[in-house]
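Chemist: Dropping in run.txt, which is compact mmCIF, C-alpha atoms:
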# COMPACT_ATOMS: atom_id res chain seq x y z
CA MET A 1372 -27.70 -41.29 -43.30
CA LYS A 1373 -24.35 -42.94 -42.54
CA ILE A 1374 -22.86 -39.60 -41.43
CA PHE A 1375 -25.91 -38.96 -39.26
CA LYS A 1376 -25.49 -42.34 -37.53
CA ILE A 1377 -21.82 -41.62 -36.86
CA PHE A 1378 -22.76 -38.23 -35.41
CA VAL A 1379 -25.38 -39.80 -33.12
CA ALA A 1380 -22.85 -42.41 -31.96
CA ILE A 1381 -20.31 -39.70 -31.11
CA VAL A 1382 -22.92 -37.73 -29.17
CA LEU A 1383 -23.95 -40.85 -27.22
CA ILE A 1384 -20.33 -41.61 -26.37
CA MET A 1385 -19.80 -38.04 -25.19
CA LEU A 1386 -22.95 -38.18 -23.07
CA PHE A 1387 -21.77 -41.47 -21.58
CA VAL A 1388 -18.36 -40.00 -20.73
CA VAL A 1389 -19.96 -36.91 -19.14
CA SER A 1390 -22.36 -39.14 -17.22
CA CYS A 1391 -19.52 -41.31 -15.91
CA LYS A 1392 -17.54 -38.27 -14.94
CA SER A 1393 -20.40 -36.65 -13.04
CA THR A 1394 -21.16 -39.87 -11.15
CA GLY A 1395 -17.53 -40.39 -10.14
CA MET A 1396 -16.98 -43.58 -12.18
CA ARG A 1397 -14.33 -42.05 -14.42
CA ALA A 1398 -12.33 -40.72 -11.47
CA LEU A 1399 -12.65 -44.11 -9.79
CA THR A 1400 -11.14 -45.94 -12.76
CA LYS A 1401 -8.19 -43.53 -12.65
CA GLY A 1402 -7.56 -44.19 -8.98
CA ASP A 1403 -8.65 -40.71 -7.86
CA TYR A 1404 -10.77 -41.96 -4.98
CA TYR A 1405 -11.32 -38.56 -3.36
CA THR A 1406 -12.72 -36.97 -6.54
CA ALA A 1407 -14.79 -40.11 -7.22
CA CYS A 1408 -16.42 -39.84 -3.78
CA ILE A 1409 -17.11 -36.10 -4.04
CA GLN A 1410 -18.58 -36.38 -7.56
CA ALA A 1411 -20.73 -39.34 -6.57
CA ILE A 1412 -22.10 -37.49 -3.52
CA GLU A 1413 -22.86 -34.41 -5.61
CA LYS A 1414 -24.74 -36.58 -8.10
CA LEU A 1415 -26.72 -38.26 -5.33
CA ARG A 1416 -27.81 -34.88 -4.01
CA SER A 1417 -29.50 -34.05 -7.31
CA SER A 1418 -30.42 -37.65 -8.23
CA PRO A 1419 -30.82 -39.76 -5.03
CA ASP A 1420 -31.57 -42.99 -6.91
CA ASN A 1421 -28.71 -42.75 -9.42
CA ALA A 1422 -27.32 -46.28 -9.69
CA LYS A 1423 -23.94 -45.29 -11.14
CA ALA A 1424 -23.28 -42.72 -8.43
CA SER A 1425 -24.31 -45.21 -5.74
CA ALA A 1426 -21.99 -47.86 -7.15
CA ALA A 1427 -19.13 -45.34 -7.49
CA LEU A 1428 -19.45 -44.20 -3.86
CA SER A 1429 -19.75 -47.74 -2.45
CA LYS A 1430 -16.53 -48.74 -4.26
CA ALA A 1431 -14.56 -45.50 -3.95
CA TYR A 1432 -15.04 -44.76 -0.24
CA PRO A 1433 -13.41 -47.95 1.18
CA LEU A 1434 -10.56 -47.49 -1.30
CA ALA A 1435 -10.15 -43.85 -0.18
CA VAL A 1436 -9.95 -44.92 3.48
CA ASN A 1437 -7.46 -47.67 2.69
CA TYR A 1438 -5.32 -45.36 0.56
CA THR A 1439 -5.27 -42.69 3.29
CA GLU A 1440 -4.11 -45.14 5.95
CA LYS A 1441 -1.50 -46.89 3.79
CA GLU A 1442 -0.09 -43.66 2.35
CA THR A 1443 0.11 -42.12 5.83
CA GLU A 1444 2.08 -45.14 7.08
CA ARG A 1445 4.42 -44.90 4.11
CA LEU A 1446 5.06 -41.19 4.62
CA LEU A 1447 5.72 -41.62 8.34
CA ALA A 1448 8.23 -44.39 7.61
CA SER A 1449 10.00 -42.30 4.93
CA SER A 1450 12.91 -40.05 5.85
CA SER A 1451 13.42 -38.55 2.40
CA THR A 1452 10.18 -36.57 2.08
CA ASN A 1453 10.68 -32.95 3.19
CA ASN A 1454 7.00 -32.09 3.34
CA ARG A 1455 5.59 -35.40 4.55
CA TYR A 1456 3.48 -33.88 7.35
CA GLN A 1457 1.90 -31.46 4.91
CA LYS A 1458 1.00 -34.42 2.70
CA ILE A 1459 -0.37 -36.34 5.69
CA PHE A 1460 -2.43 -33.31 6.72
CA ASP A 1461 -3.80 -33.07 3.18
CA LEU A 1462 -4.76 -36.76 3.24
CA TYR A 1463 -6.64 -36.46 6.54
CA SER A 1464 -8.29 -33.21 5.38
CA LYS A 1465 -9.66 -34.93 2.29
CA ILE A 1466 -10.90 -38.09 4.02
CA ASN A 1467 -12.60 -35.97 6.70
CA ASN A 1468 -14.22 -33.80 4.05
CA ILE A 1469 -15.65 -36.93 2.40
CA ALA A 1470 -17.19 -37.93 5.75
CA VAL A 1471 -18.67 -34.45 6.20
CA GLN A 1472 -20.16 -34.47 2.68
CA ILE A 1473 -21.64 -37.94 3.25
CA SER A 1474 -23.28 -36.74 6.47
CA ARG A 1475 -25.01 -33.97 4.50
CA CYS A 1476 -26.44 -36.28 1.83
CA PRO A 1477 -29.18 -38.74 2.96
CA SER A 1478 -28.68 -41.00 -0.08
CA ALA A 1479 -24.95 -41.18 0.59
CA LEU A 1480 -25.61 -41.96 4.27
CA ASN A 1481 -27.71 -44.95 3.23
CA ILE A 1482 -24.69 -46.28 1.32
CA ILE A 1483 -21.98 -45.33 3.87
CA PRO A 1484 -23.74 -45.11 7.25
CA ASN A 1485 -20.54 -45.11 9.34
CA ALA A 1486 -18.04 -42.84 7.63
CA ASN A 1487 -14.73 -42.49 9.47
CA TYR A 1488 -13.68 -39.17 11.01
CA TYR A 1489 -10.00 -38.74 11.78
CA SER A 1490 -10.33 -35.71 14.02
CA SER A 1491 -7.41 -36.37 16.36
CA GLN A 1492 -5.11 -37.38 13.49
CA LEU A 1493 -6.16 -34.27 11.55
CA GLU A 1494 -5.35 -31.89 14.41
CA SER A 1495 -2.10 -33.65 15.21
CA SER A 1496 -0.95 -33.54 11.60
CA ARG A 1497 -2.10 -29.91 11.29
CA ASN A 1498 0.37 -28.75 13.96
CA MET A 1499 3.21 -30.85 12.57
CA ALA A 1500 2.45 -29.70 9.01
CA ALA A 1501 2.44 -26.03 10.06
CA GLU A 1502 5.80 -26.40 11.82
CA GLU A 1503 7.26 -28.34 8.90
CA SER A 1504 6.10 -25.72 6.42
CA TYR A 1505 7.42 -22.91 8.62
CA GLN A 1506 10.87 -24.51 8.91
CA LEU A 1507 11.06 -25.10 5.14
CA ALA A 1508 10.24 -21.42 4.62
CA GLU A 1509 12.90 -20.37 7.13
CA GLU A 1510 15.49 -22.49 5.36
CA SER A 1511 14.68 -20.89 1.99
CA LEU A 1512 14.72 -17.38 3.45
CA ARG A 1513 18.17 -17.86 4.97
CA LYS A 1514 19.67 -18.52 1.53
CA GLY A 1515 19.29 -14.82 0.79
CA THR A 1516 18.42 -14.72 -2.91
CA ARG A 1517 15.34 -13.31 -4.60
CA ALA A 1518 14.45 -16.76 -5.96
CA THR A 1519 14.69 -18.48 -2.56
CA ALA A 1520 12.85 -15.59 -0.89
CA LYS A 1521 9.99 -16.20 -3.34
CA GLN A 1522 10.00 -19.90 -2.36
CA ALA A 1523 9.95 -18.86 1.29
CA TYR A 1524 7.03 -16.49 0.69
CA LEU A 1525 4.97 -19.23 -0.96
CA GLN A 1526 5.85 -21.64 1.85
CA TYR A 1527 4.86 -19.10 4.53
CA GLN A 1528 1.54 -18.76 2.71
CA LYS A 1529 1.07 -22.52 3.06
CA THR A 1530 1.90 -22.27 6.77
CA ASN A 1531 -0.69 -19.54 7.24
CA ALA A 1532 -3.28 -21.58 5.33
CA ILE A 1533 -2.72 -24.56 7.65
CA ILE A 1534 -2.83 -22.50 10.86
CA ALA A 1535 -3.69 -18.82 10.45
CA GLY A 1536 -1.28 -16.59 12.37
CA TYR A 1537 1.13 -19.40 13.20
CA LYS A 1538 4.08 -18.02 15.23
CA ASP A 1539 5.32 -14.82 13.52
CA VAL A 1540 4.19 -15.87 10.05
CA ALA A 1541 2.48 -12.51 9.39
CA SER A 1542 5.76 -10.58 9.66
CA LYS A 1543 7.63 -13.36 7.87
CA LEU A 1544 5.26 -13.03 4.92
CA GLN A 1545 6.10 -9.32 4.64
CA GLU A 1546 9.83 -9.93 5.04
CA SER A 1547 10.03 -12.69 2.44
CA LYS A 1548 7.80 -10.81 0.00
CA TRP A 1549 10.06 -7.75 0.26
CA GLN A 1550 13.19 -9.83 -0.31
CA ALA A 1551 11.54 -11.57 -3.28
CA THR A 1552 10.51 -8.28 -4.90
CA LEU A 1553 12.54 -6.77 -7.74
CA LYS A 1554 12.88 -3.10 -6.77
CA VAL A 1555 13.10 -0.76 -9.74
CA VAL A 1556 13.72 3.00 -9.64
CA LEU A 1557 12.50 5.09 -12.58
CA GLU A 1558 14.76 8.09 -13.26
CA GLN A 1559 14.13 10.92 -15.73
CA SER A 1560 17.03 13.21 -16.68
CA PRO A 1561 16.36 16.87 -17.59
CA VAL A 1562 15.68 17.42 -21.29
CA GLU A 1563 18.86 18.36 -23.13
CA GLY A 1564 18.80 21.22 -25.61
CA LYS A 1565 18.10 24.95 -25.78
CA TYR A 1566 14.38 24.65 -24.97
CA LYS A 1567 13.31 24.90 -21.34
CA VAL A 1568 10.81 22.08 -21.37
CA SER A 1569 9.88 19.66 -18.61
CA ALA A 1570 9.58 15.89 -18.98
CA ASP A 1571 8.04 15.37 -15.53
CA PHE A 1572 4.67 14.56 -17.06
CA PHE A 1573 6.31 11.85 -19.17
CA GLN A 1574 7.99 10.24 -16.16
CA ASN A 1575 4.66 10.29 -14.31
CA LYS A 1576 2.91 8.58 -17.23
CA VAL A 1577 5.57 5.86 -17.45
CA PHE A 1578 5.47 5.42 -13.66
CA GLU A 1579 1.69 5.01 -13.80
CA TYR A 1580 1.96 2.53 -16.67
CA PHE A 1581 4.58 0.51 -14.81
CA SER A 1582 2.46 0.41 -11.66
CA THR A 1583 -0.77 -0.63 -13.38
CA ASN A 1584 0.32 -2.74 -16.37
CA ILE A 1585 3.32 -4.76 -15.17
CA ARG A 1586 1.12 -7.36 -13.49
CA ASN A 1587 3.72 -9.07 -11.38
CA GLU A 1588 3.46 -9.01 -7.59
CA TYR A 1589 7.23 -9.50 -7.36
CA ILE A 1590 8.11 -6.25 -9.19
CA GLN A 1591 7.73 -2.82 -7.60
CA VAL A 1592 8.65 0.56 -9.10
CA PHE A 1593 9.76 3.60 -7.09
CA SER A 1594 10.37 7.23 -7.88
CA PRO A 1595 13.80 8.67 -7.03
CA GLU A 1596 12.21 10.63 -4.18
CA GLU A 1597 10.66 7.49 -2.69
CA ALA A 1598 13.94 5.60 -3.01
CA GLU A 1599 15.83 8.41 -1.27
CA ASN A 1600 13.32 8.69 1.57
CA MET A 1601 13.40 4.92 2.11
CA LYS A 1602 17.20 4.80 1.76
CA LEU A 1603 16.50 2.06 -0.76
CA ASN A 1604 19.18 0.04 -2.51
CA PRO A 1605 17.27 -0.98 -5.66
CA ASP A 1606 17.95 -3.92 -7.91
CA GLN A 1607 17.54 -2.01 -11.15
CA ILE A 1608 17.25 1.55 -12.45
CA ILE A 1609 15.36 2.59 -15.56
CA GLN A 1610 17.07 5.73 -16.90
CA LEU A 1611 15.22 7.93 -19.39
CA ARG A 1612 17.05 10.73 -21.20
CA PHE A 1613 15.72 12.98 -23.98
CA LEU A 1614 18.34 14.16 -26.47
CA ASP A 1615 18.44 16.73 -29.28
CA PHE A 1616 14.91 18.04 -28.87
CA VAL A 1617 14.40 20.86 -31.36
CA VAL A 1618 11.47 22.81 -32.74
CA GLY A 1619 11.97 23.50 -36.45
CA GLN A 1620 11.45 26.70 -38.39
CA VAL A 1621 7.95 27.80 -39.31
CA ARG A 1622 7.21 26.81 -42.91
CA GLU A 1623 4.33 28.41 -44.80
CA SER A 1624 2.98 27.29 -48.15
CA SER A 1625 0.18 28.17 -50.54
CA ASP A 1626 -1.63 26.09 -53.16
CA THR A 1627 -4.24 27.32 -55.67
CA TYR A 1628 -6.38 25.03 -57.78
CA GLU A 1629 -9.79 24.83 -59.42
CA VAL A 1630 -12.70 23.03 -57.80
CA LYS A 1631 -16.04 22.22 -59.36
CA GLN A 1632 -19.32 20.46 -58.71
CA ASP A 1633 -21.52 18.90 -61.40
CA SER A 1634 -25.30 18.66 -61.53
CA VAL A 1635 -25.84 21.86 -59.54
CA LYS A 1636 -29.08 23.77 -60.07
CA THR A 1637 -28.10 26.96 -61.86
CA GLY A 1638 -31.53 28.36 -62.85
CA THR A 1639 -35.02 27.62 -64.22
CA TYR A 1640 -36.96 27.97 -67.48
CA LYS A 1641 -40.51 27.45 -68.78
CA ASP A 1642 -41.20 24.92 -71.41
CA ARG A 1643 -43.74 25.30 -74.29
CA LYS A 1644 -46.56 24.29 -71.99
CA GLY A 1645 -45.57 26.93 -69.42
CA VAL A 1646 -44.24 24.44 -66.88
CA THR A 1647 -41.22 25.66 -64.88
CA ARG A 1648 -38.19 23.43 -65.23
CA ASP A 1649 -34.86 23.42 -63.32
CA VAL A 1650 -31.59 23.98 -65.10
CA TYR A 1651 -28.53 21.99 -63.93
CA GLY A 1652 -24.91 22.65 -64.75
CA THR A 1653 -21.35 22.73 -63.48
CA VAL A 1654 -20.18 25.40 -61.03
CA LYS A 1655 -16.52 26.33 -60.55
CA ALA A 1656 -14.28 28.25 -58.19
CA LYS A 1657 -10.58 28.90 -57.65
CA LEU A 1658 -9.52 27.80 -54.18
CA THR A 1659 -6.32 28.94 -52.45
CA ILE A 1660 -5.23 27.04 -49.33
CA ARG A 1661 -2.57 28.60 -47.12
CA LYS A 1662 -0.80 26.19 -44.75
CA ILE A 1663 1.67 26.49 -41.90
CA GLU A 1664 3.83 23.67 -40.48
CA VAL A 1665 6.13 23.42 -37.45
CA SER A 1666 7.94 20.17 -36.71
CA SER A 1667 9.56 19.02 -33.48
CA THR A 1668 12.07 16.17 -33.33
CA GLY A 1669 14.20 14.43 -30.76
CA ILE A 1670 15.38 11.13 -29.30
CA LEU A 1671 14.70 9.22 -26.09
CA ASP A 1672 17.43 6.96 -24.75
CA ALA A 1673 16.18 4.28 -22.36
CA PHE A 1674 18.49 2.14 -20.24
CA ILE A 1675 17.75 -0.64 -17.76
CA VAL A 1676 20.76 -0.79 -15.42
CA ASP A 1677 21.79 -3.24 -12.72
CA TYR A 1678 22.22 -1.04 -9.65
CA LYS A 1679 24.91 -3.10 -7.90
CA THR A 1680 27.21 -3.64 -10.89
CA ASN A 1681 26.19 -0.56 -12.95
CA THR A 1682 25.86 -2.93 -15.92
CA ILE A 1683 23.44 -2.04 -18.72
CA LEU A 1684 20.96 -4.91 -18.90
CA SER A 1685 18.99 -3.56 -21.85
CA GLN A 1686 18.81 -0.34 -23.84
CA GLN A 1687 16.93 1.13 -26.76
CA ARG A 1688 16.78 4.45 -28.61
CA PHE A 1689 13.43 5.92 -29.64
CA PRO A 1690 13.46 8.74 -32.23
CA GLY A 1691 10.31 10.79 -32.57
CA THR A 1692 8.73 13.56 -34.65
CA TYR A 1693 5.62 15.67 -34.28
CA VAL A 1694 4.40 18.07 -36.98
CA TRP A 1695 1.93 20.77 -36.01
CA THR A 1696 -0.12 22.09 -38.90
CA ASP A 1697 -2.78 24.72 -39.47
CA SER A 1698 -4.47 26.09 -42.58
CA TYR A 1699 -7.11 28.46 -43.94
CA ALA A 1700 -8.45 29.18 -47.42
CA SER A 1701 -10.01 31.75 -49.75
CA PHE A 1702 -11.81 31.41 -53.09
CA ASN A 1703 -13.02 33.22 -56.16
CA GLY A 1704 -16.05 31.92 -57.99
CA ASP A 1705 -19.20 30.02 -57.06
CA GLU A 1706 -19.35 29.02 -53.39
CA ARG A 1707 -21.39 25.94 -54.34
CA ALA A 1708 -18.31 24.42 -55.97
CA LEU A 1709 -16.72 23.97 -52.52
CA SER A 1710 -17.04 20.95 -50.27
CA LYS A 1711 -18.11 21.47 -46.66
CA LYS A 1712 -14.50 21.05 -45.48
CA GLU A 1713 -13.24 23.61 -48.02
CA LEU A 1714 -15.98 26.05 -47.09
CA ASP A 1715 -15.14 25.71 -43.39
CA LEU A 1716 -11.50 26.53 -44.17
CA CYS A 1717 -12.62 29.64 -46.05
CA LYS A 1718 -14.60 30.82 -43.04
CA ARG A 1719 -11.37 31.05 -41.01
CA ALA A 1720 -9.85 34.52 -40.92
CA SER A 1721 -6.16 33.62 -40.56
CA LEU A 1722 -3.61 31.04 -39.44
CA SER A 1723 -3.19 30.18 -35.76
CA THR A 1724 -0.07 30.92 -33.77
CA PRO A 1725 2.21 27.87 -33.39
CA PRO A 1726 2.02 26.32 -29.92
CA PRO A 1727 4.78 26.87 -27.34
CA ALA A 1728 7.73 24.48 -27.13
CA GLN A 1729 6.35 22.68 -24.06
CA GLU A 1730 3.14 21.75 -25.90
CA MET A 1731 5.13 20.64 -28.93
CA PHE A 1732 7.27 18.49 -26.64
CA VAL A 1733 4.21 16.85 -25.08
CA GLN A 1734 2.83 15.90 -28.51
CA PHE A 1735 6.26 14.72 -29.67
CA THR A 1736 6.38 12.18 -26.79
CA VAL A 1737 3.06 10.48 -27.65
CA PRO A 1738 4.40 7.84 -30.10
CA ILE A 1739 7.60 7.49 -28.05
CA TYR A 1740 5.54 6.62 -24.99
CA SER A 1741 3.85 3.73 -26.83
CA ASN A 1742 7.19 2.31 -28.00
CA LEU A 1743 8.84 2.74 -24.60
CA THR A 1744 6.05 0.99 -22.68
CA ARG A 1745 6.20 -1.90 -25.16
CA PHE A 1746 9.96 -2.13 -24.49
CA ILE A 1747 9.36 -2.18 -20.72
CA GLN A 1748 6.57 -4.74 -21.03
CA ASN A 1749 8.71 -7.08 -23.11
CA TYR A 1750 11.73 -6.81 -20.79
CA TYR A 1751 9.83 -7.57 -17.58
CA ARG A 1752 7.54 -10.18 -19.13
CA ASN A 1753 9.53 -13.14 -17.75
CA TYR A 1754 10.40 -11.79 -14.30
Could I get this structure in the form of structure tokens?
Modeler:
Amino acid sequence: MKIFKIFVAIVLIMLFVVSCKSTGMRALTKGDYYTACIQAIEKLRSSPDNAKASAALSKAYPLAVNYTEKETERLLASSSTNNRYQKIFDLYSKINNIAVQISRCPSALNIIPNANYYSSQLESSRNMAAEESYQLAEESLRKGTRATAKQAYLQYQKTNAIIAGYKDVASKLQESKWQATLKVVLEQSPVEGKYKVSADFFQNKVFEYFSTNIRNEYIQVFSPEEAENMKLNPDQIIQLRFLDFVVGQVRESSDTYEVKQDSVKTGTYKDRKGVTRDVYGTVKAKLTIRKIEVSSTGILDAFIVDYKTNTILSQQRFPGTYVWTDSYASFNGDERALSKKELDLCKRASLSTPPPAQEMFVQFTVPIYSNLTRFIQNYYRNY
């Protein structure tokens, strides 16, 4: 009973907190007058007679107006705030939005019949905020690093959000995004060794993985052909080189052993009363399995290189092996002693021909691909 009472008390407290939050009271006590007003208005739309929401709005709105005016005066008087007009624009946007939301809620209108609109101040601050944001972006872009270009790109986005199409912001967005982007070229060297195999498919798979799984808008991968056509000076090069790829000798083996199955019906008999009965026993057979194996081995060296300094930033070696196998079987004895798998092997006439080197190479790269993509993912995780 005591635990139940504690549980009920906790639930009531939680319901009270949720109720205060939805009516705007909690935001009001924290000094977040804008959120308090918006939450109170939303509550009044669904519950026009809600006393807590009414009280929250009547207290929060005058405080929101006062805060907007005082904070605007402070920002205008300050010379140390780089983005003061953006902050002023945000203040006027919020106070105007409160007035608009009040006008669309009859219960809120009864509480605040004469909400203030700051239309002229909003438009004036909009233009100044857009120019301020644009100039901050220009300043960052002039510094010429990838990091500052990213700051410029984000600032140009703010400019465009304040006034869509402001000045040449559309082209500036493209320029700053390009400068902020890490440009990576993926190179695949020809496969070394006596086998004439192509690794183009592997490069294409890695390229596709890079393009779809490295979820970073500031990283872009290019093929060598694209880089050459664009006359691109990349930031980094990923170099892939297969070494020592060999296909081993064909190895054949044979293994003979006895198989058996118990409780198999082996016949019938009639008892003294003339009733036919089944006879169960153990059946046996000698099974011979002939097997062929061909292994392929090799190594992939992966390097991430700084293009300008030719410095190796990261490298890893990935050894790999693929074993192709085939088998068939024959038996002497009772067929019923064989499992389905063994019987299927016996139905095969002979061993298959080992696949060509190119197919062996493709299969050999499967586990290497998984390890390589994990290496790439980990390296570019923090870019």
Chemist: Choose the residue, out of A:Tyr1405, A:Tyr1463, A:Tyr1589, A:Tyr1438, that has the smallest atom-to-atom separation from Ala1551 in chain A; count all atoms listed in the file.
Modeler: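 Nearest to Ala1551 in chain A: A:Tyr1589.
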Chemist: Would you kindly return, as an mmCIF file with C-alpha atoms, in the frame of the given file, each protein, DNA or RNA residue with an atom no farther than 9 Å from any atom of Gln1620 in chain A, considering all atoms listed in the file and excluding same-chain residues fewer than 5 positions away?
Modeler:
data_model
loop_
_atom_site.group_PDB
_atom_site.id
_atom_site.type_symbol
_atom_site.label_atom_id
_atom_site.label_comp_id
_atom_site.auth_asym_id
_atom_site.auth_seq_id
_atom_site.Cartn_x
_atom_site.Cartn_y
_atom_site.Cartn_z
ATOM 1 C CA GLU A 1664 3.830 23.670 -40.480
ATOM 2 C CA VAL A 1665 6.130 23.420 -37.450
ATOM 3 C CA SER A 1666 7.940 20.170 -36.710
#
Chemist: CA of Ile1675 in chain A and CA of Lys1548 in chain A are how many Å apart?
Modeler: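 Distance between the two atoms: 22.8 Å.
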Chemist: Counting all atoms listed in the file, note down every residue that has an atom within 8 Å of the point (4.3, -19.8, 13.6) (file coordinates), as a list in words.
Modeler: Ala1501, Glu1502, Tyr1505, Thr1530, Gly1536, Tyr1537, Lys1538, Asp1539 and Val1540 of chain A
Chemist: Quick one: of A:Tyr1628, A:Phe1578, A:Phe1674, A:Phe1572, who's nearest to Ile1608 in chain A, counting all atoms listed in the file?
Modeler: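 Distance minimum relative to Ile1608 in chain A lands on A:Phe1674.
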Chemist: Please measure the separation of CA of Ala1518 in chain A and CA of Ala1500 in chain A, giving the value in Å to one decimal.
Modeler: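 These two atoms are separated by 23.1 Å.
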Chemist: Using only C-alpha atoms, which protein or nucleic acid residues come within 6 Å of range 1510-1512 of chain A? Drop anything in the same chain fewer than 5 positions from it, and give the result as a ChimeraX atom specification.
Modeler: /A:1519-1520,1523
Chemist: Do you have the CA of Ser1429 in chain A-CA of Ser1474 in chain A distance handy?
Modeler: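 Computing the Euclidean distance for CA of Ser1429 in chain A and CA of Ser1474 in chain A yields 14.6 Å.
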Chemist: Quick one: residues within 8 Å of Thr1627 in chain A, only C-alpha atoms, excluding same-chain residues fewer than 5 positions away - as a PDB file with C-alpha atoms, in the coordinates of the input?
Modeler:
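Contents of the output file result05.pdb:
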ATOM      1  CA  LYS A1657     -10.580  28.900 -57.650  1.00  0.00           C
ATOM      2  CA  LEU A1658      -9.520  27.800 -54.180  1.00  0.00           C
ATOM      3  CA  THR A1659      -6.320  28.940 -52.450  1.00  0.00           C
ATOM      4  CA  ILE A1660      -5.230  27.040 -49.330  1.00  0.00           C
TER       5      ILE A1660
END
Chemist: Tell me, as JSON, numbers by chain, which residues lie within 10 Å of Glu1503 in chain A, counting only C-alpha atoms; anything in the same chain fewer than 5 positions away does not count.
Modeler: {"A": [1453, 1454, 1455, 1456, 1457, 1497, 1498, 1508, 1509, 1526, 1530]}
Chemist: Using only C-alpha atoms, find the one residue out of A:Val1471, A:Ile1459, A:Ile1609, A:Leu1415 that sits nearest to Thr1682 in chain A.
Modeler: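 When distances to Thr1682 in chain A are compared using only C-alpha atoms, the smallest one comes from A:Ile1609.
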Chemist: For Asp1606 in chain A, please output as a PyMOL selection string all residues within 8 Å (counting all atoms listed in the file; exclusion window: fewer than 6 positions along the same chain).
Modeler: chain A and resi 1553-1555+1677-1679
Chemist: Restricting it to C-alpha atoms, dump the selection as an mmCIF file, in the frame of the given file.
Modeler:
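File selection-v6.cif, as written:
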data_model
loop_
_atom_site.group_PDB
_atom_site.id
_atom_site.type_symbol
_atom_site.label_atom_id
_atom_site.label_comp_id
_atom_site.auth_asym_id
_atom_site.auth_seq_id
_atom_site.Cartn_x
_atom_site.Cartn_y
_atom_site.Cartn_z
ATOM 1 C CA LEU A 1553 12.540 -6.770 -7.740
ATOM 2 C CA LYS A 1554 12.880 -3.100 -6.770
ATOM 3 C CA VAL A 1555 13.100 -0.760 -9.740
ATOM 4 C CA ASP A 1677 21.790 -3.240 -12.720
ATOM 5 C CA TYR A 1678 22.220 -1.040 -9.650
ATOM 6 C CA LYS A 1679 24.910 -3.100 -7.900
#
Chemist: Would you mind telling me which residue in A:Gln1410, A:Asn1531, A:Ser1667, A:Asn1437 lies nearest to Gln1472 in chain A when using only C-alpha atoms?
Modeler: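 Ranked by minimum distance to Gln1472 in chain A, first place goes to A:Gln1410.
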